[in-house]
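So the structure is just underneath, and the comments pick up after that.
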Amino acid sequence: MSSTDYPAFSSGGMGSAGPDRASSRLFERIIAPPMPLGSYASSDVTFLLKDLRGAQLEMPTEDREEAIQSGVHYSEMLPAEYEPSERYLQLFHDSLDATQELVAEGVAAVAELIVRKRGLDCVLVSLARAGTPIGVLIKRYIEQQYGVALPHYSISIIRGKGIDENALLYMLQQHGADAKLQFVDGWTGKGAIRKTLIQACKQFEGKYGIALNDDLAVLADPGHCSETFGTREDYLIPSACLNATVSGLMSRTVLKEGLIGPDDFHGSKYYGHWRDIDVSALFIEKIAAHYDRVATRAKAFAEEQLRVPPTVTWRGLADIKQVQAAYGITDMNLVKPGVGETSRVLLRRVPWKILVDRADNPHLKHITLLAEERGVPVEVFPGLAYSCCGIIKPLNGGTP
């Protein structure tokens, strides 16, 4: 699959409909402002999400897995959040101490690329929830290095359902139809969210005549499906170790009939009762402390990326097909590649086994600990673009 299968759409224009029609369509329905949510400072991010804290959406992991594999969309329910053990929390802190400068350099690199590609008047749009900590870090870097506080929002995008159109409308109503939205996520796996974003931007342009740039800026792009990234190495991003407690105490996003109306943002639950173990601010401060030290290297990386633009090969998809062939897996959705996605499999799905590139990979300590706690076998599978893959257990009997 080539990058030309998923063409990008340029930003800053009105599309074929022209500015008058675009502006009139944009303001046909005024979107109400959001209620304050999350544990981040309001200056760091605005969550464009509906507060669902009173809804009973959590399901036991096995029940939720059975529902997903029987056809219920994952966005209609929430996993029961994993409350980390003391041992696992210590591993998070150890991992953060070990990787904070590496993560800071990756954040700085992608931030420098955003500045060069989009300027200092763009709007940062993190894709909730994994994109939110990275968006906060990018905002902090640009403010520290360039003295500009970019607007930053966190919005919902859901594989198989699309992006939150009301959130897009709200931002454009606030910042103008020609606002330059820069989408941000944590990492790439098979590229499903990237493809969802491309399709969503195309549909939005068709409906409103406003062309959004579908470029997805990520900290890590091991799937080779983004043009704007800090690294393509599949290393441990500490925010992937935890769920709500490193993401502003917010749940995954929800789109469920009866809870989300036509004028609502997509939903999310705020887990305020976990404030005592919230490390969202700690994660940001630890990484941001290294920005001055890594800025020169990050700027050099960005200049080289502009001089020799990276290619989008969707290599990750090809590698996943190798795993499918090796294990006789017919459903690609059961294979979750990369450190971030494997962490998610172990935290909120029913894993069958974990594949790692090598047994002594220092970035996979939390993976092996979680696998040990859940009794999941770990096997070496060398030669992939990723450090590891999580394989979800099919619940219809047998192996995948």
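Going through the structure tokens in order, the chains are called A, B, and so on, while each chain numbers its residues from 1 and the ligands are numbered from 1 in the order shown.
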Could the residues of region 169-267 of chain A that have an atom at most 12 Å from region 58-73 of chain A be listed as CSV, each with its closest atom pair and the distance in Å to one decimal, counting only C-alpha atoms and ordered by chain and ascending residue number?
residue,atom,partner,partner_atom,distance
A:Ser251,CA,A:Glu58,CA,10.0
A:Arg252,CA,A:Glu58,CA,10.7
A:Val254,CA,A:His73,CA,10.0
A:Leu255,CA,A:His73,CA,9.1
A:Lys256,CA,A:His73,CA,9.1
A:Glu257,CA,A:His73,CA,11.5
What does the file look like for those residues with N, CA and C atoms, as a PDB file, in the first residue's frame?
ATOM      1  N   SER A 251     -11.033   9.297  30.467  1.00  0.00           N
ATOM      2  CA  SER A 251     -11.198   7.958  29.895  1.00  0.00           C
ATOM      3  C   SER A 251     -10.997   7.998  28.394  1.00  0.00           C
ATOM      4  N   ARG A 252     -11.089   6.854  27.772  1.00  0.00           N
ATOM      5  CA  ARG A 252     -11.214   6.788  26.319  1.00  0.00           C
ATOM      6  C   ARG A 252     -12.479   7.535  25.914  1.00  0.00           C
ATOM      7  N   VAL A 254     -16.101   8.209  23.955  1.00  0.00           N
ATOM      8  CA  VAL A 254     -17.315   7.405  23.826  1.00  0.00           C
ATOM      9  C   VAL A 254     -18.236   8.037  22.791  1.00  0.00           C
ATOM     10  N   LEU A 255     -18.829   7.210  21.956  1.00  0.00           N
ATOM     11  CA  LEU A 255     -19.866   7.656  21.024  1.00  0.00           C
ATOM     12  C   LEU A 255     -20.974   6.618  21.066  1.00  0.00           C
ATOM     13  N   LYS A 256     -21.995   6.906  21.850  1.00  0.00           N
ATOM     14  CA  LYS A 256     -23.055   5.940  22.104  1.00  0.00           C
ATOM     15  C   LYS A 256     -24.413   6.630  22.002  1.00  0.00           C
ATOM     16  N   GLU A 257     -25.306   6.046  21.216  1.00  0.00           N
ATOM     17  CA  GLU A 257     -26.642   6.598  21.054  1.00  0.00           C
ATOM     18  C   GLU A 257     -27.347   6.659  22.406  1.00  0.00           C
TER      19      GLU A 257
END
Residue neighbourhood Leu127 (chain A), 12 Å, only C-alpha atoms, exclusion window fewer than 2 positions, as a ChimeraX atom specification
/A:45-49,124-125,129-136,152-159,162-164,167-168,181-187,193-194,196-197,216-218,247,252-253,266
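One finds CA of Arg140 (chain A) at 23.0 Å from CA of Tyr170 (chain A).
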Could you pull out all residues of region 64-284 of chain A with a DSSP call of strand (DSSP E or B) and give them as a PyMOL selection string?
chain A and resi 78-79+123-128+152-158+162-163+181-187+211+216-220+228-231+250+254+267-268+270
Each residue of region 232-349 of chain A with at least one atom at most 8 Å from region 95-110 of chain A should appear once, together with its nearest atom pair and the corresponding distance in Å (one decimal); atoms considered: only C-alpha atoms; ordering: chain, then increasing residue number; output as JSON lines.
{"residue": "A:Leu236", "atom": "CA", "partner": "A:Thr99", "partner_atom": "CA", "distance": 7.7}
{"residue": "A:Ile237", "atom": "CA", "partner": "A:Val103", "partner_atom": "CA", "distance": 6.8}
{"residue": "A:Pro238", "atom": "CA", "partner": "A:Leu96", "partner_atom": "CA", "distance": 5.7}
{"residue": "A:Phe283", "atom": "CA", "partner": "A:Leu96", "partner_atom": "CA", "distance": 7.6}
{"residue": "A:Lys286", "atom": "CA", "partner": "A:Gln100", "partner_atom": "CA", "distance": 6.6}
{"residue": "A:Ile287", "atom": "CA", "partner": "A:Gln100", "partner_atom": "CA", "distance": 5.2}
{"residue": "A:Ala288", "atom": "CA", "partner": "A:Ala104", "partner_atom": "CA", "distance": 6.6}
{"residue": "A:His290", "atom": "CA", "partner": "A:Glu101", "partner_atom": "CA", "distance": 5.9}
{"residue": "A:Tyr291", "atom": "CA", "partner": "A:Ala104", "partner_atom": "CA", "distance": 6.2}
{"residue": "A:Val294", "atom": "CA", "partner": "A:Glu105", "partner_atom": "CA", "distance": 5.4}
{"residue": "A:Ala295", "atom": "CA", "partner": "A:Ala108", "partner_atom": "CA", "distance": 6.4}
{"residue": "A:Arg297", "atom": "CA", "partner": "A:Glu105", "partner_atom": "CA", "distance": 7.5}
{"residue": "A:Ala298", "atom": "CA", "partner": "A:Ala109", "partner_atom": "CA", "distance": 4.3}
{"residue": "A:Lys299", "atom": "CA", "partner": "A:Ala109", "partner_atom": "CA", "distance": 6.5}
{"residue": "A:Phe301", "atom": "CA", "partner": "A:Ala109", "partner_atom": "CA", "distance": 6.3}
{"residue": "A:Ala302", "atom": "CA", "partner": "A:Ala109", "partner_atom": "CA", "distance": 6.0}
Keeping only all heavy atoms, take the residues you just selected and write them out as a short mmCIF file (atom, residue, chain, number, x, y, z; two decimals), in the first residue's frame.
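The file below, part.cif, is the result:
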data_model
loop_
_atom_site.label_atom_id
_atom_site.label_comp_id
_atom_site.auth_asym_id
_atom_site.auth_seq_id
_atom_site.Cartn_x
_atom_site.Cartn_y
_atom_site.Cartn_z
N LEU A 236 9.77 2.94 24.27
CA LEU A 236 8.78 3.16 25.30
C LEU A 236 8.51 4.65 25.50
O LEU A 236 9.41 5.41 25.86
CB LEU A 236 9.23 2.55 26.62
CG LEU A 236 8.38 2.91 27.85
CD1 LEU A 236 6.94 2.42 27.68
CD2 LEU A 236 9.00 2.36 29.11
N ILE A 237 7.29 5.08 25.24
CA ILE A 237 6.83 6.40 25.63
C ILE A 237 6.13 6.20 26.97
O ILE A 237 5.11 5.51 27.03
CB ILE A 237 5.87 6.99 24.59
CG1 ILE A 237 6.55 7.06 23.22
CG2 ILE A 237 5.38 8.37 25.02
CD1 ILE A 237 5.62 7.40 22.08
N PRO A 238 6.67 6.74 28.05
CA PRO A 238 6.12 6.41 29.38
C PRO A 238 4.62 6.64 29.51
O PRO A 238 3.95 5.95 30.28
CB PRO A 238 6.92 7.31 30.32
CG PRO A 238 8.23 7.50 29.63
CD PRO A 238 7.89 7.57 28.17
N PHE A 283 4.50 13.90 34.53
CA PHE A 283 5.03 13.47 33.25
C PHE A 283 5.44 14.67 32.40
O PHE A 283 6.53 14.71 31.82
CB PHE A 283 3.97 12.63 32.52
CG PHE A 283 4.35 12.22 31.13
CD1 PHE A 283 5.34 11.30 30.91
CD2 PHE A 283 3.71 12.78 30.03
CE1 PHE A 283 5.70 10.92 29.62
CE2 PHE A 283 4.04 12.41 28.74
CZ PHE A 283 5.05 11.48 28.54
N LYS A 286 8.60 16.57 33.93
CA LYS A 286 9.86 15.82 33.80
C LYS A 286 10.41 15.93 32.37
O LYS A 286 11.62 16.10 32.17
CB LYS A 286 9.63 14.35 34.15
CG LYS A 286 9.45 14.10 35.63
CD LYS A 286 10.71 13.49 36.22
CE LYS A 286 10.49 13.01 37.63
NZ LYS A 286 11.69 12.34 38.17
N ILE A 287 9.53 15.80 31.38
CA ILE A 287 9.98 15.88 29.99
C ILE A 287 10.39 17.30 29.63
O ILE A 287 11.45 17.54 29.04
CB ILE A 287 8.86 15.39 29.03
CG1 ILE A 287 8.41 13.97 29.36
CG2 ILE A 287 9.34 15.49 27.58
CD1 ILE A 287 9.47 12.92 29.29
N ALA A 288 9.55 18.27 29.99
CA ALA A 288 9.80 19.66 29.60
C ALA A 288 11.09 20.21 30.20
O ALA A 288 11.69 21.15 29.65
CB ALA A 288 8.62 20.53 30.02
N HIS A 290 13.90 19.11 29.99
CA HIS A 290 15.05 18.82 29.12
C HIS A 290 15.02 19.63 27.82
O HIS A 290 15.91 19.45 26.97
CB HIS A 290 15.09 17.33 28.79
CG HIS A 290 15.35 16.45 29.96
ND1 HIS A 290 16.61 16.12 30.40
CD2 HIS A 290 14.49 15.84 30.81
CE1 HIS A 290 16.53 15.34 31.47
NE2 HIS A 290 15.25 15.15 31.73
N TYR A 291 14.05 20.48 27.62
CA TYR A 291 13.88 21.13 26.32
C TYR A 291 15.09 21.96 25.90
O TYR A 291 15.52 21.89 24.74
CB TYR A 291 12.62 22.00 26.32
CG TYR A 291 11.34 21.22 26.21
CD1 TYR A 291 10.12 21.82 26.53
CD2 TYR A 291 11.31 19.90 25.77
CE1 TYR A 291 8.93 21.13 26.44
CE2 TYR A 291 10.12 19.19 25.68
CZ TYR A 291 8.93 19.82 26.00
OH TYR A 291 7.76 19.13 25.91
N VAL A 294 17.92 19.75 24.54
CA VAL A 294 17.75 18.99 23.29
C VAL A 294 17.38 19.86 22.10
O VAL A 294 17.30 19.36 20.97
CB VAL A 294 16.65 17.91 23.47
CG1 VAL A 294 17.00 16.97 24.61
CG2 VAL A 294 15.27 18.53 23.69
N ALA A 295 17.16 21.15 22.31
CA ALA A 295 16.63 22.01 21.24
C ALA A 295 17.53 22.05 20.01
O ALA A 295 17.04 22.00 18.87
CB ALA A 295 16.39 23.42 21.78
N ARG A 297 19.67 19.81 18.83
CA ARG A 297 19.57 18.55 18.07
C ARG A 297 18.22 18.45 17.37
O ARG A 297 18.12 17.98 16.24
CB ARG A 297 19.78 17.35 19.00
CG ARG A 297 21.14 17.29 19.64
CD ARG A 297 21.45 15.91 20.22
NE ARG A 297 20.53 15.51 21.26
CZ ARG A 297 20.71 15.76 22.57
NH1 ARG A 297 21.77 16.46 22.97
NH2 ARG A 297 19.85 15.34 23.47
N ALA A 298 17.17 18.90 18.05
CA ALA A 298 15.83 18.83 17.46
C ALA A 298 15.72 19.71 16.22
O ALA A 298 15.10 19.33 15.21
CB ALA A 298 14.78 19.24 18.50
N LYS A 299 16.29 20.90 16.28
CA LYS A 299 16.26 21.80 15.13
C LYS A 299 17.03 21.21 13.95
O LYS A 299 16.60 21.32 12.80
CB LYS A 299 16.81 23.17 15.54
CG LYS A 299 15.89 23.92 16.48
CD LYS A 299 16.51 25.21 17.00
CE LYS A 299 15.55 25.90 17.98
NZ LYS A 299 16.13 27.14 18.55
N PHE A 301 17.44 18.02 13.36
CA PHE A 301 16.61 16.93 12.85
C PHE A 301 15.52 17.48 11.94
O PHE A 301 15.28 16.96 10.84
CB PHE A 301 15.98 16.18 14.03
CG PHE A 301 14.98 15.12 13.64
CD1 PHE A 301 15.39 13.82 13.37
CD2 PHE A 301 13.63 15.42 13.53
CE1 PHE A 301 14.47 12.84 13.01
CE2 PHE A 301 12.70 14.46 13.18
CZ PHE A 301 13.13 13.16 12.91
N ALA A 302 14.86 18.54 12.37
CA ALA A 302 13.78 19.12 11.58
C ALA A 302 14.28 19.64 10.25
O ALA A 302 13.64 19.44 9.20
CB ALA A 302 13.09 20.23 12.37
#
If we count only C-alpha atoms and set the cut-off at 10 Å, which residues sit around Pro394 (chain A), ignoring sequence neighbours fewer than 6 positions away in its own chain? Please answer as a ChimeraX atom specification.
/A:65-66,69,329,331,334,350-352,400
Give me a file of those residues, with all heavy atoms, as a tab-separated table (two decimals), in the first residue's frame.
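selection_3.tsv written:
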chain	number	residue	atom	x	y	z
A	65	GLU	N	-14.42	-7.64	25.79
A	65	GLU	CA	-13.79	-8.30	24.65
A	65	GLU	C	-14.80	-9.13	23.88
A	65	GLU	O	-14.85	-9.11	22.64
A	65	GLU	CB	-12.62	-9.18	25.12
A	65	GLU	CG	-11.78	-9.73	23.99
A	65	GLU	CD	-11.07	-8.63	23.21
A	65	GLU	OE1	-10.41	-7.78	23.82
A	65	GLU	OE2	-11.20	-8.63	21.96
A	66	GLU	N	-15.63	-9.86	24.61
A	66	GLU	CA	-16.66	-10.66	23.94
A	66	GLU	C	-17.62	-9.77	23.16
A	66	GLU	O	-18.02	-10.11	22.03
A	66	GLU	CB	-17.43	-11.48	24.99
A	66	GLU	CG	-18.46	-12.42	24.38
A	66	GLU	CD	-19.14	-13.29	25.42
A	66	GLU	OE1	-18.75	-13.22	26.61
A	66	GLU	OE2	-20.06	-14.03	25.06
A	69	GLN	N	-15.84	-8.49	19.95
A	69	GLN	CA	-15.68	-9.52	18.92
A	69	GLN	C	-17.01	-10.02	18.38
A	69	GLN	O	-17.06	-10.66	17.33
A	69	GLN	CB	-14.83	-10.66	19.46
A	69	GLN	CG	-13.39	-10.24	19.75
A	69	GLN	CD	-12.46	-11.41	20.01
A	69	GLN	OE1	-12.65	-12.52	19.50
A	69	GLN	NE2	-11.44	-11.17	20.81
A	329	ILE	N	-3.51	-15.93	11.60
A	329	ILE	CA	-4.49	-14.97	12.10
A	329	ILE	C	-5.25	-14.37	10.92
A	329	ILE	O	-4.65	-13.75	10.04
A	329	ILE	CB	-3.81	-13.86	12.91
A	329	ILE	CG1	-3.05	-14.46	14.09
A	329	ILE	CG2	-4.81	-12.82	13.39
A	329	ILE	CD1	-2.14	-13.49	14.80
A	331	ASP	N	-7.99	-12.18	11.21
A	331	ASP	CA	-8.50	-10.85	11.53
A	331	ASP	C	-7.35	-9.94	11.93
A	331	ASP	O	-6.78	-10.06	13.01
A	331	ASP	CB	-9.53	-10.93	12.66
A	331	ASP	CG	-10.17	-9.59	12.98
A	331	ASP	OD1	-9.80	-8.58	12.36
A	331	ASP	OD2	-11.04	-9.56	13.88
A	334	LEU	N	-6.92	-8.17	15.38
A	334	LEU	CA	-6.44	-8.89	16.56
A	334	LEU	C	-4.95	-8.67	16.81
A	334	LEU	O	-4.44	-9.05	17.86
A	334	LEU	CB	-6.73	-10.38	16.45
A	334	LEU	CG	-8.20	-10.80	16.42
A	334	LEU	CD1	-8.32	-12.31	16.26
A	334	LEU	CD2	-8.93	-10.34	17.68
A	350	VAL	N	-8.06	-8.76	26.07
A	350	VAL	CA	-7.74	-10.12	26.52
A	350	VAL	C	-6.64	-10.64	25.61
A	350	VAL	O	-6.89	-11.07	24.48
A	350	VAL	CB	-8.99	-11.02	26.45
A	350	VAL	CG1	-8.62	-12.45	26.85
A	350	VAL	CG2	-10.09	-10.50	27.37
A	351	PRO	N	-5.39	-10.57	26.05
A	351	PRO	CA	-4.27	-10.95	25.18
A	351	PRO	C	-4.10	-12.45	25.06
A	351	PRO	O	-4.37	-13.21	26.00
A	351	PRO	CB	-3.07	-10.31	25.87
A	351	PRO	CG	-3.47	-10.13	27.29
A	351	PRO	CD	-4.96	-10.03	27.34
A	352	TRP	N	-3.63	-12.88	23.89
A	352	TRP	CA	-3.31	-14.29	23.63
A	352	TRP	C	-1.82	-14.52	23.83
A	352	TRP	O	-1.39	-15.41	24.53
A	352	TRP	CB	-3.74	-14.66	22.21
A	352	TRP	CG	-3.39	-16.06	21.81
A	352	TRP	CD1	-3.72	-17.22	22.47
A	352	TRP	CD2	-2.65	-16.47	20.65
A	352	TRP	NE1	-3.23	-18.32	21.80
A	352	TRP	CE2	-2.57	-17.88	20.67
A	352	TRP	CE3	-2.07	-15.79	19.59
A	352	TRP	CZ2	-1.92	-18.62	19.67
A	352	TRP	CZ3	-1.43	-16.50	18.59
A	352	TRP	CH2	-1.36	-17.92	18.64
A	400	PRO	N	-5.98	-17.85	17.15
A	400	PRO	CA	-6.39	-16.94	16.09
A	400	PRO	C	-6.34	-17.58	14.71
A	400	PRO	O	-5.50	-18.39	14.43
A	400	PRO	CB	-5.38	-15.79	16.21
A	400	PRO	CG	-4.95	-15.82	17.62
A	400	PRO	CD	-4.94	-17.26	18.01
